[in-house]
Amino acid sequence: MLERTSKEVDRRGFLRLVGALTTATAIAGSVAACGGPSSTAAGSASGGDAKGGSDGTIEAGISYALSTGFDPMTSSGATPVAANLHVFEGLVDLDPATREPYAALATAMPQQVDDTTWRAQLRSGATFHDGSPVTAEDVVFSFARVLDPANSSLIVQFLPFLDTVTAVDANTVEFRLKYAFPLFATRISVVKVVPKKVVEADQKAFDAKPTGSGPYQVVEATRQDKIVFRRHDAYNGPRPAKAASMVWRLTSDPTARVSSLVSGRVQAIEDVPYVDVAGLKGKATTDSVESFGNLFLMFNFARKPFDDKRVRQALHYALDVDKIVATAMYGNGIASTSYLQPSHPDYHRAATVYGHDPEKARALLAEAGAGGLSVTLLTTNTGWVNDIAPLVKESWDAIGVKTTLDIGDSSGQYKKVDAGDFGVMAAPGDPSVFGNDVDLLLRWFYGTGVWTTKRFRWDGSPEDQQVRGLLDQAARTADPAARSALWNQVIDLVAEQAVLYPVVHRKLPTAWNDKKLTGFAPLPTTGLSFLGVSAA
């Protein structure tokens, strides 16, 4: 049970929670006029300058509309998740570029009292955007709501080790664990601290126009137009706003996004179309960062013949991934040789690597009795995925698998998936926006949650139970080498089974004007970060 000061929150059965990736409510229209009450303790906003602040405005071109709200407990859209990097803080946060942990709302990294007890001290003088102080009660509330099954949090599956959280005093929080978890100090970065009073008063208003303690606050958000931020002048943490304001222009049209950078309307853009990367050289600084973000194939384990791993493997072996990378991605990708990208610190080359082998693909299909197979490939209309889909069809047609493409918007396609109305899907995935450790990256798709139960539907299978058992064993293992060996077993298993497995890991192209922005760095995840960035 998670304690809210003296009260307890029932957690029985929370691991049954389905954390839905696409269930957050879409924002409709401008929320500039939405307000909210003061948070846990009353206060007024400070008018002082944030350290390092300037009067400049940062303008950015963002590739996705606001597909979900901002509430960090449930937000899954690429744009609000990136915005939340600037709006909210955890006790610990991960640097968006390096992925290294640092104390954010905590004065220092959490201190271990014993094997299953940790404590964190709140930063003195930290305030929410409404001017009220951040208290231990707000921290306890933030963890309690994440763990409450009624709230359908995306984050709960990352916290199976957590037993109780209590406020020792107004500025100290104590965590008791169900078992020793060596990754605790970094893992709690998945929970962002929210103001209890504001959320309890009107969660929908909070979701539309959030109140956090981060260096920037949202003052306007329009679903397909823009997000406007202003500096939180009372912010006293380690990553102060170095611009007075930001305007994120939501520009899904890639040509318009590139034009806005070249014309000087914006100073940085994400998701540069692969075809435009070379052409921007000399006009802007560009960089393509290797990432976990990938295109995966996902099979419906509950539908024949996709319950046979030989069929799944055959469709992987059929793919000419080198051609996909060279032709559709202009070299901005890496054929997957593992669940992890090669630059990941815990990279392990999987025992099964799917090179282009049409003969082996045909032999596996024949062995499985799946000759003459016809498939409908469900895929999303994301620009770079659209470029890849015809090459997947070409590869499968070449081995005698008659392939039909079904391309549509993400929300509509996942409705089909969640209803079981699909055989195979190709889609982008990147849980590294939540964290970078192997346990988290594996649990997103293979832990207890929506993916195993409602999407690829192998929940309860012997292989599913083996994966979960190995993940749980690794989570309890203190020795790093032994823990890595267990993770490697999981990687080998999910590669062999290929029920959801990467085809290619992306390089993420970003472009910016280095004469207008100081301190900017591209990210290995979807989105942009302007923490510590100043505008000329």
# chains A, B, ... in the order shown; residues from 1 in each chain; ligands from 1
$ residues_around --residues "A:Ile491" --least-positions-apart "3" --cutoff "12 Å" --atoms "only C-alpha atoms" --output "PyMOL selection string"
chain A and resi 337-341+346-353+438-439+441-443+446+466-468+470-471+484-488+494-498+500-502
$ residues_around --residues "A:Gly61" --least-positions-apart "4" --cutoff "10 Å" --atoms "only C-alpha atoms" --output "PDB file with N, CA, C and O atoms, in the first residue's frame"
ATOM      1  N   LYS A 226      -0.055  25.454 -31.875  1.00  0.00           N
ATOM      2  CA  LYS A 226       1.155  25.827 -31.142  1.00  0.00           C
ATOM      3  C   LYS A 226       0.992  25.589 -29.649  1.00  0.00           C
ATOM      4  O   LYS A 226      -0.112  25.430 -29.128  1.00  0.00           O
ATOM      5  N   VAL A 247       7.869  29.355 -28.137  1.00  0.00           N
ATOM      6  CA  VAL A 247       6.701  29.053 -28.957  1.00  0.00           C
ATOM      7  C   VAL A 247       7.036  27.811 -29.782  1.00  0.00           C
ATOM      8  O   VAL A 247       7.983  27.825 -30.577  1.00  0.00           O
ATOM      9  N   TRP A 248       6.287  26.748 -29.540  1.00  0.00           N
ATOM     10  CA  TRP A 248       6.447  25.523 -30.322  1.00  0.00           C
ATOM     11  C   TRP A 248       5.355  25.505 -31.381  1.00  0.00           C
ATOM     12  O   TRP A 248       4.166  25.438 -31.049  1.00  0.00           O
ATOM     13  N   ARG A 249       5.740  25.587 -32.653  1.00  0.00           N
ATOM     14  CA  ARG A 249       4.784  25.590 -33.746  1.00  0.00           C
ATOM     15  C   ARG A 249       4.599  24.150 -34.229  1.00  0.00           C
ATOM     16  O   ARG A 249       5.552  23.518 -34.689  1.00  0.00           O
ATOM     17  N   LEU A 250       3.370  23.658 -34.106  1.00  0.00           N
ATOM     18  CA  LEU A 250       3.062  22.264 -34.413  1.00  0.00           C
ATOM     19  C   LEU A 250       2.833  22.142 -35.916  1.00  0.00           C
ATOM     20  O   LEU A 250       1.773  22.501 -36.433  1.00  0.00           O
ATOM     21  N   THR A 251       3.841  21.634 -36.602  1.00  0.00           N
ATOM     22  CA  THR A 251       3.880  21.667 -38.062  1.00  0.00           C
ATOM     23  C   THR A 251       4.088  20.255 -38.583  1.00  0.00           C
ATOM     24  O   THR A 251       5.224  19.798 -38.751  1.00  0.00           O
ATOM     25  N   SER A 252       2.994  19.554 -38.838  1.00  0.00           N
ATOM     26  CA  SER A 252       3.110  18.162 -39.271  1.00  0.00           C
ATOM     27  C   SER A 252       3.619  18.044 -40.699  1.00  0.00           C
ATOM     28  O   SER A 252       4.229  17.041 -41.071  1.00  0.00           O
ATOM     29  N   PRO A 254       6.135  18.195 -43.324  1.00  0.00           N
ATOM     30  CA  PRO A 254       7.604  18.269 -43.242  1.00  0.00           C
ATOM     31  C   PRO A 254       8.202  19.368 -44.108  1.00  0.00           C
ATOM     32  O   PRO A 254       9.203  19.980 -43.734  1.00  0.00           O
ATOM     33  N   ALA A 256       6.830  22.266 -44.844  1.00  0.00           N
ATOM     34  CA  ALA A 256       6.605  23.535 -44.138  1.00  0.00           C
ATOM     35  C   ALA A 256       7.548  23.666 -42.947  1.00  0.00           C
ATOM     36  O   ALA A 256       8.023  24.762 -42.635  1.00  0.00           O
ATOM     37  N   ARG A 257       7.833  22.543 -42.289  1.00  0.00           N
ATOM     38  CA  ARG A 257       8.728  22.577 -41.131  1.00  0.00           C
ATOM     39  C   ARG A 257      10.142  22.972 -41.549  1.00  0.00           C
ATOM     40  O   ARG A 257      10.780  23.818 -40.924  1.00  0.00           O
ATOM     41  N   VAL A 258      10.629  22.382 -42.635  1.00  0.00           N
ATOM     42  CA  VAL A 258      11.954  22.720 -43.137  1.00  0.00           C
ATOM     43  C   VAL A 258      11.989  24.180 -43.591  1.00  0.00           C
ATOM     44  O   VAL A 258      12.943  24.919 -43.288  1.00  0.00           O
ATOM     45  N   SER A 259      10.943  24.625 -44.286  1.00  0.00           N
ATOM     46  CA  SER A 259      10.891  26.021 -44.769  1.00  0.00           C
ATOM     47  C   SER A 259      10.906  27.012 -43.616  1.00  0.00           C
ATOM     48  O   SER A 259      11.518  28.085 -43.707  1.00  0.00           O
ATOM     49  N   SER A 260      10.249  26.655 -42.519  1.00  0.00           N
ATOM     50  CA  SER A 260      10.202  27.572 -41.376  1.00  0.00           C
ATOM     51  C   SER A 260      11.580  27.764 -40.753  1.00  0.00           C
ATOM     52  O   SER A 260      11.884  28.838 -40.224  1.00  0.00           O
ATOM     53  N   LEU A 261      12.421  26.729 -40.817  1.00  0.00           N
ATOM     54  CA  LEU A 261      13.794  26.871 -40.315  1.00  0.00           C
ATOM     55  C   LEU A 261      14.645  27.696 -41.282  1.00  0.00           C
ATOM     56  O   LEU A 261      15.354  28.616 -40.864  1.00  0.00           O
ATOM     57  N   ARG A 265      11.887  31.623 -39.335  1.00  0.00           N
ATOM     58  CA  ARG A 265      10.732  31.733 -38.443  1.00  0.00           C
ATOM     59  C   ARG A 265      10.950  30.955 -37.155  1.00  0.00           C
ATOM     60  O   ARG A 265      10.501  31.362 -36.090  1.00  0.00           O
ATOM     61  N   VAL A 266      11.620  29.809 -37.245  1.00  0.00           N
ATOM     62  CA  VAL A 266      11.961  29.017 -36.066  1.00  0.00           C
ATOM     63  C   VAL A 266      13.465  28.809 -36.037  1.00  0.00           C
ATOM     64  O   VAL A 266      14.149  28.965 -37.060  1.00  0.00           O
ATOM     65  N   GLN A 267      13.981  28.452 -34.854  1.00  0.00           N
ATOM     66  CA  GLN A 267      15.421  28.242 -34.709  1.00  0.00           C
ATOM     67  C   GLN A 267      15.829  26.774 -34.652  1.00  0.00           C
ATOM     68  O   GLN A 267      17.014  26.446 -34.719  1.00  0.00           O
ATOM     69  N   ALA A 268      14.839  25.872 -34.527  1.00  0.00           N
ATOM     70  CA  ALA A 268      15.157  24.443 -34.488  1.00  0.00           C
ATOM     71  C   ALA A 268      13.938  23.658 -34.940  1.00  0.00           C
ATOM     72  O   ALA A 268      12.799  24.084 -34.719  1.00  0.00           O
ATOM     73  N   ILE A 269      14.181  22.519 -35.588  1.00  0.00           N
ATOM     74  CA  ILE A 269      13.090  21.616 -35.961  1.00  0.00           C
ATOM     75  C   ILE A 269      13.497  20.184 -35.644  1.00  0.00           C
ATOM     76  O   ILE A 269      14.667  19.816 -35.706  1.00  0.00           O
ATOM     77  N   GLU A 270      12.515  19.387 -35.300  1.00  0.00           N
ATOM     78  CA  GLU A 270      12.738  17.960 -35.102  1.00  0.00           C
ATOM     79  C   GLU A 270      12.303  17.198 -36.351  1.00  0.00           C
ATOM     80  O   GLU A 270      11.670  17.748 -37.251  1.00  0.00           O
ATOM     81  N   ASP A 271      12.664  15.917 -36.379  1.00  0.00           N
ATOM     82  CA  ASP A 271      12.161  15.004 -37.405  1.00  0.00           C
ATOM     83  C   ASP A 271      12.377  15.566 -38.807  1.00  0.00           C
ATOM     84  O   ASP A 271      11.443  15.656 -39.610  1.00  0.00           O
ATOM     85  N   VAL A 272      13.605  15.946 -39.103  1.00  0.00           N
ATOM     86  CA  VAL A 272      13.921  16.429 -40.447  1.00  0.00           C
ATOM     87  C   VAL A 272      13.692  15.288 -41.431  1.00  0.00           C
ATOM     88  O   VAL A 272      14.194  14.182 -41.229  1.00  0.00           O
ATOM     89  N   ALA A 511      17.634  19.634 -36.872  1.00  0.00           N
ATOM     90  CA  ALA A 511      18.338  20.763 -37.479  1.00  0.00           C
ATOM     91  C   ALA A 511      18.078  22.014 -36.658  1.00  0.00           C
ATOM     92  O   ALA A 511      16.973  22.205 -36.133  1.00  0.00           O
ATOM     93  N   TRP A 512      19.097  22.883 -36.552  1.00  0.00           N
ATOM     94  CA  TRP A 512      18.937  24.101 -35.762  1.00  0.00           C
ATOM     95  C   TRP A 512      19.893  25.171 -36.244  1.00  0.00           C
ATOM     96  O   TRP A 512      20.884  24.900 -36.937  1.00  0.00           O
ATOM     97  N   LEU A 528      12.324  17.674 -28.746  1.00  0.00           N
ATOM     98  CA  LEU A 528      13.400  18.652 -28.592  1.00  0.00           C
ATOM     99  C   LEU A 528      13.470  19.071 -27.132  1.00  0.00           C
ATOM    100  O   LEU A 528      12.452  19.081 -26.435  1.00  0.00           O
TER     101      LEU A 528
END
$ residues_around --residues "A:Val417" --least-positions-apart "2" --cutoff "12 Å" --atoms "only C-alpha atoms" --output "PDB file with N, CA, C and O atoms, in the first residue's frame"
ATOM      1  N   THR A  22      -2.479   4.639 -26.092  1.00  0.00           N
ATOM      2  CA  THR A  22      -3.196   5.614 -26.918  1.00  0.00           C
ATOM      3  C   THR A  22      -4.537   6.009 -26.343  1.00  0.00           C
ATOM      4  O   THR A  22      -5.440   6.418 -27.069  1.00  0.00           O
ATOM      5  N   MET A 298       4.995  -6.426 -35.379  1.00  0.00           N
ATOM      6  CA  MET A 298       4.229  -7.030 -34.285  1.00  0.00           C
ATOM      7  C   MET A 298       3.200  -7.986 -34.884  1.00  0.00           C
ATOM      8  O   MET A 298       2.451  -7.622 -35.797  1.00  0.00           O
ATOM      9  N   PHE A 299       3.175  -9.203 -34.365  1.00  0.00           N
ATOM     10  CA  PHE A 299       2.270 -10.240 -34.855  1.00  0.00           C
ATOM     11  C   PHE A 299       1.184 -10.534 -33.826  1.00  0.00           C
ATOM     12  O   PHE A 299       1.423 -10.474 -32.617  1.00  0.00           O
ATOM     13  N   ASN A 300       0.021 -10.872 -34.321  1.00  0.00           N
ATOM     14  CA  ASN A 300      -1.100 -11.269 -33.463  1.00  0.00           C
ATOM     15  C   ASN A 300      -0.929 -12.744 -33.121  1.00  0.00           C
ATOM     16  O   ASN A 300      -1.270 -13.627 -33.909  1.00  0.00           O
ATOM     17  N   PHE A 301      -0.391 -13.000 -31.934  1.00  0.00           N
ATOM     18  CA  PHE A 301      -0.088 -14.366 -31.497  1.00  0.00           C
ATOM     19  C   PHE A 301      -1.347 -15.224 -31.397  1.00  0.00           C
ATOM     20  O   PHE A 301      -1.286 -16.455 -31.456  1.00  0.00           O
ATOM     21  N   ALA A 302      -2.519 -14.569 -31.280  1.00  0.00           N
ATOM     22  CA  ALA A 302      -3.780 -15.294 -31.146  1.00  0.00           C
ATOM     23  C   ALA A 302      -4.377 -15.688 -32.499  1.00  0.00           C
ATOM     24  O   ALA A 302      -5.438 -16.325 -32.543  1.00  0.00           O
ATOM     25  N   ARG A 303      -3.734 -15.287 -33.596  1.00  0.00           N
ATOM     26  CA  ARG A 303      -4.269 -15.585 -34.927  1.00  0.00           C
ATOM     27  C   ARG A 303      -3.287 -16.461 -35.700  1.00  0.00           C
ATOM     28  O   ARG A 303      -2.114 -16.131 -35.839  1.00  0.00           O
ATOM     29  N   LEU A 377      -0.724  -5.973 -44.134  1.00  0.00           N
ATOM     30  CA  LEU A 377       0.216  -5.298 -43.240  1.00  0.00           C
ATOM     31  C   LEU A 377      -0.402  -3.991 -42.768  1.00  0.00           C
ATOM     32  O   LEU A 377      -0.595  -3.059 -43.555  1.00  0.00           O
ATOM     33  N   LEU A 378      -0.717  -3.946 -41.490  1.00  0.00           N
ATOM     34  CA  LEU A 378      -1.249  -2.735 -40.867  1.00  0.00           C
ATOM     35  C   LEU A 378      -0.079  -1.818 -40.534  1.00  0.00           C
ATOM     36  O   LEU A 378       0.919  -2.263 -39.951  1.00  0.00           O
ATOM     37  N   THR A 379      -0.161  -0.557 -40.921  1.00  0.00           N
ATOM     38  CA  THR A 379       0.914   0.368 -40.594  1.00  0.00           C
ATOM     39  C   THR A 379       0.363   1.768 -40.410  1.00  0.00           C
ATOM     40  O   THR A 379      -0.766   2.065 -40.812  1.00  0.00           O
ATOM     41  N   THR A 380       1.154   2.617 -39.759  1.00  0.00           N
ATOM     42  CA  THR A 380       0.714   3.982 -39.482  1.00  0.00           C
ATOM     43  C   THR A 380       1.183   4.917 -40.592  1.00  0.00           C
ATOM     44  O   THR A 380       2.103   4.608 -41.343  1.00  0.00           O
ATOM     45  N   SER A 410      -2.474   6.655 -36.545  1.00  0.00           N
ATOM     46  CA  SER A 410      -2.079   5.774 -35.452  1.00  0.00           C
ATOM     47  C   SER A 410      -3.250   5.368 -34.572  1.00  0.00           C
ATOM     48  O   SER A 410      -3.414   4.189 -34.245  1.00  0.00           O
ATOM     49  N   SER A 411      -4.092   6.338 -34.182  1.00  0.00           N
ATOM     50  CA  SER A 411      -5.181   6.013 -33.260  1.00  0.00           C
ATOM     51  C   SER A 411      -6.155   5.027 -33.883  1.00  0.00           C
ATOM     52  O   SER A 411      -6.611   4.077 -33.232  1.00  0.00           O
ATOM     53  N   GLY A 412      -6.475   5.206 -35.163  1.00  0.00           N
ATOM     54  CA  GLY A 412      -7.383   4.286 -35.833  1.00  0.00           C
ATOM     55  C   GLY A 412      -6.800   2.901 -35.996  1.00  0.00           C
ATOM     56  O   GLY A 412      -7.496   1.894 -35.828  1.00  0.00           O
ATOM     57  N   GLN A 413      -5.518   2.833 -36.314  1.00  0.00           N
ATOM     58  CA  GLN A 413      -4.873   1.536 -36.497  1.00  0.00           C
ATOM     59  C   GLN A 413      -4.794   0.763 -35.187  1.00  0.00           C
ATOM     60  O   GLN A 413      -4.982  -0.455 -35.154  1.00  0.00           O
ATOM     61  N   TYR A 414      -4.520   1.483 -34.084  1.00  0.00           N
ATOM     62  CA  TYR A 414      -4.426   0.780 -32.806  1.00  0.00           C
ATOM     63  C   TYR A 414      -5.793   0.356 -32.270  1.00  0.00           C
ATOM     64  O   TYR A 414      -5.885  -0.580 -31.472  1.00  0.00           O
ATOM     65  N   LYS A 415      -6.850   0.999 -32.736  1.00  0.00           N
ATOM     66  CA  LYS A 415      -8.188   0.500 -32.392  1.00  0.00           C
ATOM     67  C   LYS A 415      -8.394  -0.875 -33.008  1.00  0.00           C
ATOM     68  O   LYS A 415      -8.976  -1.774 -32.378  1.00  0.00           O
ATOM     69  N   ALA A 419      -8.693  -4.451 -30.856  1.00  0.00           N
ATOM     70  CA  ALA A 419      -9.855  -5.311 -31.067  1.00  0.00           C
ATOM     71  C   ALA A 419      -9.454  -6.686 -31.597  1.00  0.00           C
ATOM     72  O   ALA A 419     -10.310  -7.550 -31.807  1.00  0.00           O
ATOM     73  N   GLY A 420      -8.154  -6.891 -31.837  1.00  0.00           N
ATOM     74  CA  GLY A 420      -7.677  -8.165 -32.372  1.00  0.00           C
ATOM     75  C   GLY A 420      -7.854  -8.300 -33.868  1.00  0.00           C
ATOM     76  O   GLY A 420      -7.686  -9.387 -34.429  1.00  0.00           O
ATOM     77  N   ASP A 421      -8.187  -7.189 -34.544  1.00  0.00           N
ATOM     78  CA  ASP A 421      -8.492  -7.213 -35.967  1.00  0.00           C
ATOM     79  C   ASP A 421      -7.237  -6.941 -36.799  1.00  0.00           C
ATOM     80  O   ASP A 421      -7.156  -5.965 -37.545  1.00  0.00           O
ATOM     81  N   PHE A 422      -6.240  -7.785 -36.663  1.00  0.00           N
ATOM     82  CA  PHE A 422      -5.016  -7.658 -37.448  1.00  0.00           C
ATOM     83  C   PHE A 422      -4.230  -8.954 -37.376  1.00  0.00           C
ATOM     84  O   PHE A 422      -4.444  -9.788 -36.490  1.00  0.00           O
ATOM     85  N   GLY A 423      -3.321  -9.115 -38.352  1.00  0.00           N
ATOM     86  CA  GLY A 423      -2.397 -10.234 -38.322  1.00  0.00           C
ATOM     87  C   GLY A 423      -0.992  -9.780 -38.028  1.00  0.00           C
ATOM     88  O   GLY A 423      -0.309 -10.330 -37.169  1.00  0.00           O
ATOM     89  N   VAL A 424      -0.535  -8.738 -38.758  1.00  0.00           N
ATOM     90  CA  VAL A 424       0.809  -8.221 -38.550  1.00  0.00           C
ATOM     91  C   VAL A 424       0.783  -6.708 -38.731  1.00  0.00           C
ATOM     92  O   VAL A 424       0.056  -6.176 -39.574  1.00  0.00           O
ATOM     93  N   MET A 425       1.561  -6.023 -37.914  1.00  0.00           N
ATOM     94  CA  MET A 425       1.638  -4.566 -37.947  1.00  0.00           C
ATOM     95  C   MET A 425       3.099  -4.141 -38.004  1.00  0.00           C
ATOM     96  O   MET A 425       3.965  -4.752 -37.361  1.00  0.00           O
ATOM     97  N   ALA A 426       3.372  -3.078 -38.764  1.00  0.00           N
ATOM     98  CA  ALA A 426       4.670  -2.403 -38.732  1.00  0.00           C
ATOM     99  C   ALA A 426       4.425  -0.999 -38.209  1.00  0.00           C
ATOM    100  O   ALA A 426       3.602  -0.267 -38.749  1.00  0.00           O
ATOM    101  N   ALA A 427       5.121  -0.627 -37.141  1.00  0.00           N
ATOM    102  CA  ALA A 427       4.858   0.664 -36.496  1.00  0.00           C
ATOM    103  C   ALA A 427       6.102   1.149 -35.770  1.00  0.00           C
ATOM    104  O   ALA A 427       6.989   0.355 -35.433  1.00  0.00           O
ATOM    105  N   VAL A 450      -0.635  -3.541 -21.623  1.00  0.00           N
ATOM    106  CA  VAL A 450      -1.502  -3.598 -22.795  1.00  0.00           C
ATOM    107  C   VAL A 450      -0.873  -4.346 -23.957  1.00  0.00           C
ATOM    108  O   VAL A 450      -1.570  -5.002 -24.735  1.00  0.00           O
ATOM    109  N   TRP A 451       0.443  -4.287 -24.110  1.00  0.00           N
ATOM    110  CA  TRP A 451       1.053  -4.893 -25.292  1.00  0.00           C
ATOM    111  C   TRP A 451       0.895  -6.412 -25.295  1.00  0.00           C
ATOM    112  O   TRP A 451       0.515  -7.007 -26.301  1.00  0.00           O
ATOM    113  N   THR A 452       1.199  -7.062 -24.166  1.00  0.00           N
ATOM    114  CA  THR A 452       1.103  -8.526 -24.124  1.00  0.00           C
ATOM    115  C   THR A 452      -0.340  -9.009 -24.086  1.00  0.00           C
ATOM    116  O   THR A 452      -0.656 -10.074 -24.615  1.00  0.00           O
ATOM    117  N   THR A 453      -1.232  -8.214 -23.481  1.00  0.00           N
ATOM    118  CA  THR A 453      -2.605  -8.685 -23.281  1.00  0.00           C
ATOM    119  C   THR A 453      -3.550  -8.331 -24.422  1.00  0.00           C
ATOM    120  O   THR A 453      -4.393  -9.133 -24.821  1.00  0.00           O
ATOM    121  N   LYS A 454      -3.393  -7.128 -24.990  1.00  0.00           N
ATOM    122  CA  LYS A 454      -4.361  -6.662 -25.979  1.00  0.00           C
ATOM    123  C   LYS A 454      -3.767  -6.446 -27.367  1.00  0.00           C
ATOM    124  O   LYS A 454      -4.514  -6.228 -28.322  1.00  0.00           O
ATOM    125  N   ARG A 455      -2.471  -6.518 -27.492  1.00  0.00           N
ATOM    126  CA  ARG A 455      -1.854  -6.208 -28.781  1.00  0.00           C
ATOM    127  C   ARG A 455      -1.234  -7.465 -29.402  1.00  0.00           C
ATOM    128  O   ARG A 455      -1.857  -8.097 -30.239  1.00  0.00           O
ATOM    129  N   PHE A 456      -0.046  -7.863 -28.986  1.00  0.00           N
ATOM    130  CA  PHE A 456       0.453  -9.087 -29.619  1.00  0.00           C
ATOM    131  C   PHE A 456      -0.042 -10.345 -28.924  1.00  0.00           C
ATOM    132  O   PHE A 456       0.143 -11.447 -29.418  1.00  0.00           O
ATOM    133  N   ARG A 457      -0.698 -10.224 -27.801  1.00  0.00           N
ATOM    134  CA  ARG A 457      -1.568 -11.260 -27.217  1.00  0.00           C
ATOM    135  C   ARG A 457      -0.872 -12.598 -26.942  1.00  0.00           C
ATOM    136  O   ARG A 457      -1.420 -13.657 -27.208  1.00  0.00           O
TER     137      ARG A 457
END
$ closest_residue --among "A:Gly527, A:Gly214, A:Gly293, A:Gly408" --to "A:Val503" --atoms "only C-alpha atoms"
A:Gly293
$ residues_around --residues "A:Glu290" --least-positions-apart "3" --cutoff "8 Å" --atoms "only C-alpha atoms" --output "NGL selection string"
:A and (333 or 341 or 343 or 505-508 or 524)
$ residues_around --residues "A:Gln111" --least-positions-apart "3" --cutoff "8 Å" --atoms "only C-alpha atoms" --output "MDAnalysis selection string"
chainID A and resid 118:120
$ select_by_dssp --residues "stretch 132-352 of chain A" --states "strand (DSSP E or B)" --output "PyMOL selection string"
chain A and resi 133+162-169+172-177+216-222+226-231+242+245-250+268-269+281+284-299+333-335
$ write_last_selection --atoms "C-alpha atoms" --output "PDB file, in the first residue's frame"
ATOM      1  CA  PRO A 133       5.578  25.402  -2.365  1.00  0.00           C
ATOM      2  CA  LEU A 162       7.519  -0.126  -4.747  1.00  0.00           C
ATOM      3  CA  ASP A 163       5.687  -0.887  -1.482  1.00  0.00           C
ATOM      4  CA  THR A 164       5.067   2.361   0.443  1.00  0.00           C
ATOM      5  CA  VAL A 165       5.907   6.052   0.133  1.00  0.00           C
ATOM      6  CA  THR A 166       5.537   8.262   3.209  1.00  0.00           C
ATOM      7  CA  ALA A 167       6.176  11.862   4.165  1.00  0.00           C
ATOM      8  CA  VAL A 168       8.658  11.836   7.046  1.00  0.00           C
ATOM      9  CA  ASP A 169       8.286  15.610   7.379  1.00  0.00           C
ATOM     10  CA  THR A 172      11.545  14.448   3.394  1.00  0.00           C
ATOM     11  CA  VAL A 173      10.081  11.406   1.647  1.00  0.00           C
ATOM     12  CA  GLU A 174      10.758   7.777   2.498  1.00  0.00           C
ATOM     13  CA  PHE A 175      10.362   4.859   0.100  1.00  0.00           C
ATOM     14  CA  ARG A 176      10.021   1.258   1.252  1.00  0.00           C
ATOM     15  CA  LEU A 177      10.501  -1.425  -1.369  1.00  0.00           C
ATOM     16  CA  TYR A 216       8.811  26.762 -18.046  1.00  0.00           C
ATOM     17  CA  GLN A 217       5.033  26.899 -17.696  1.00  0.00           C
ATOM     18  CA  VAL A 218       2.416  26.415 -20.399  1.00  0.00           C
ATOM     19  CA  VAL A 219       0.309  29.517 -21.045  1.00  0.00           C
ATOM     20  CA  GLU A 220      -1.419  28.396 -24.247  1.00  0.00           C
ATOM     21  CA  ALA A 221      -1.861  25.123 -26.093  1.00  0.00           C
ATOM     22  CA  THR A 222      -3.800  24.640 -29.309  1.00  0.00           C
ATOM     23  CA  LYS A 226       1.155  25.827 -31.142  1.00  0.00           C
ATOM     24  CA  ILE A 227       2.210  25.625 -27.509  1.00  0.00           C
ATOM     25  CA  VAL A 228       3.324  28.815 -25.802  1.00  0.00           C
ATOM     26  CA  PHE A 229       5.526  28.712 -22.693  1.00  0.00           C
ATOM     27  CA  ARG A 230       6.849  31.412 -20.404  1.00  0.00           C
ATOM     28  CA  ARG A 231       9.697  31.281 -17.924  1.00  0.00           C
ATOM     29  CA  LYS A 242      17.502  30.767 -20.275  1.00  0.00           C
ATOM     30  CA  SER A 245       9.459  32.389 -23.515  1.00  0.00           C
ATOM     31  CA  MET A 246       9.107  29.607 -26.072  1.00  0.00           C
ATOM     32  CA  VAL A 247       6.701  29.053 -28.957  1.00  0.00           C
ATOM     33  CA  TRP A 248       6.447  25.523 -30.322  1.00  0.00           C
ATOM     34  CA  ARG A 249       4.784  25.590 -33.746  1.00  0.00           C
ATOM     35  CA  LEU A 250       3.062  22.264 -34.413  1.00  0.00           C
ATOM     36  CA  ALA A 268      15.157  24.443 -34.488  1.00  0.00           C
ATOM     37  CA  ILE A 269      13.090  21.616 -35.961  1.00  0.00           C
ATOM     38  CA  LYS A 281      23.829  21.564 -44.816  1.00  0.00           C
ATOM     39  CA  ALA A 284      21.559  25.001 -40.680  1.00  0.00           C
ATOM     40  CA  THR A 285      23.383  22.667 -38.337  1.00  0.00           C
ATOM     41  CA  THR A 286      22.100  19.107 -38.666  1.00  0.00           C
ATOM     42  CA  ASP A 287      22.782  15.938 -36.737  1.00  0.00           C
ATOM     43  CA  SER A 288      21.310  12.442 -36.819  1.00  0.00           C
ATOM     44  CA  VAL A 289      21.513  10.755 -33.420  1.00  0.00           C
ATOM     45  CA  GLU A 290      21.370   6.982 -33.077  1.00  0.00           C
ATOM     46  CA  SER A 291      18.394   5.999 -30.935  1.00  0.00           C
ATOM     47  CA  PHE A 292      16.448   3.111 -29.478  1.00  0.00           C
ATOM     48  CA  GLY A 293      13.495   4.378 -31.545  1.00  0.00           C
ATOM     49  CA  ASN A 294      12.657   1.743 -34.095  1.00  0.00           C
ATOM     50  CA  LEU A 295      10.271   0.301 -36.633  1.00  0.00           C
ATOM     51  CA  PHE A 296       9.004  -3.007 -35.273  1.00  0.00           C
ATOM     52  CA  LEU A 297       6.984  -5.887 -36.655  1.00  0.00           C
ATOM     53  CA  MET A 298       4.229  -7.030 -34.285  1.00  0.00           C
ATOM     54  CA  PHE A 299       2.270 -10.240 -34.855  1.00  0.00           C
ATOM     55  CA  GLY A 333      18.999   3.757 -39.759  1.00  0.00           C
ATOM     56  CA  ILE A 334      20.731   0.620 -38.509  1.00  0.00           C
ATOM     57  CA  ALA A 335      19.486  -2.894 -39.219  1.00  0.00           C
TER      58      ALA A 335
END
$ select_by_dssp --residues "stretch 222-273 of chain A" --states "helix (DSSP H, G or I)" --output "MDAnalysis selection string"
chainID A and resid 254:263
$ closest_residue --among "A:Thr127, A:Ser529, A:Ser142, A:Thr98" --to "A:Ala234" --atoms "only C-alpha atoms"
A:Thr127
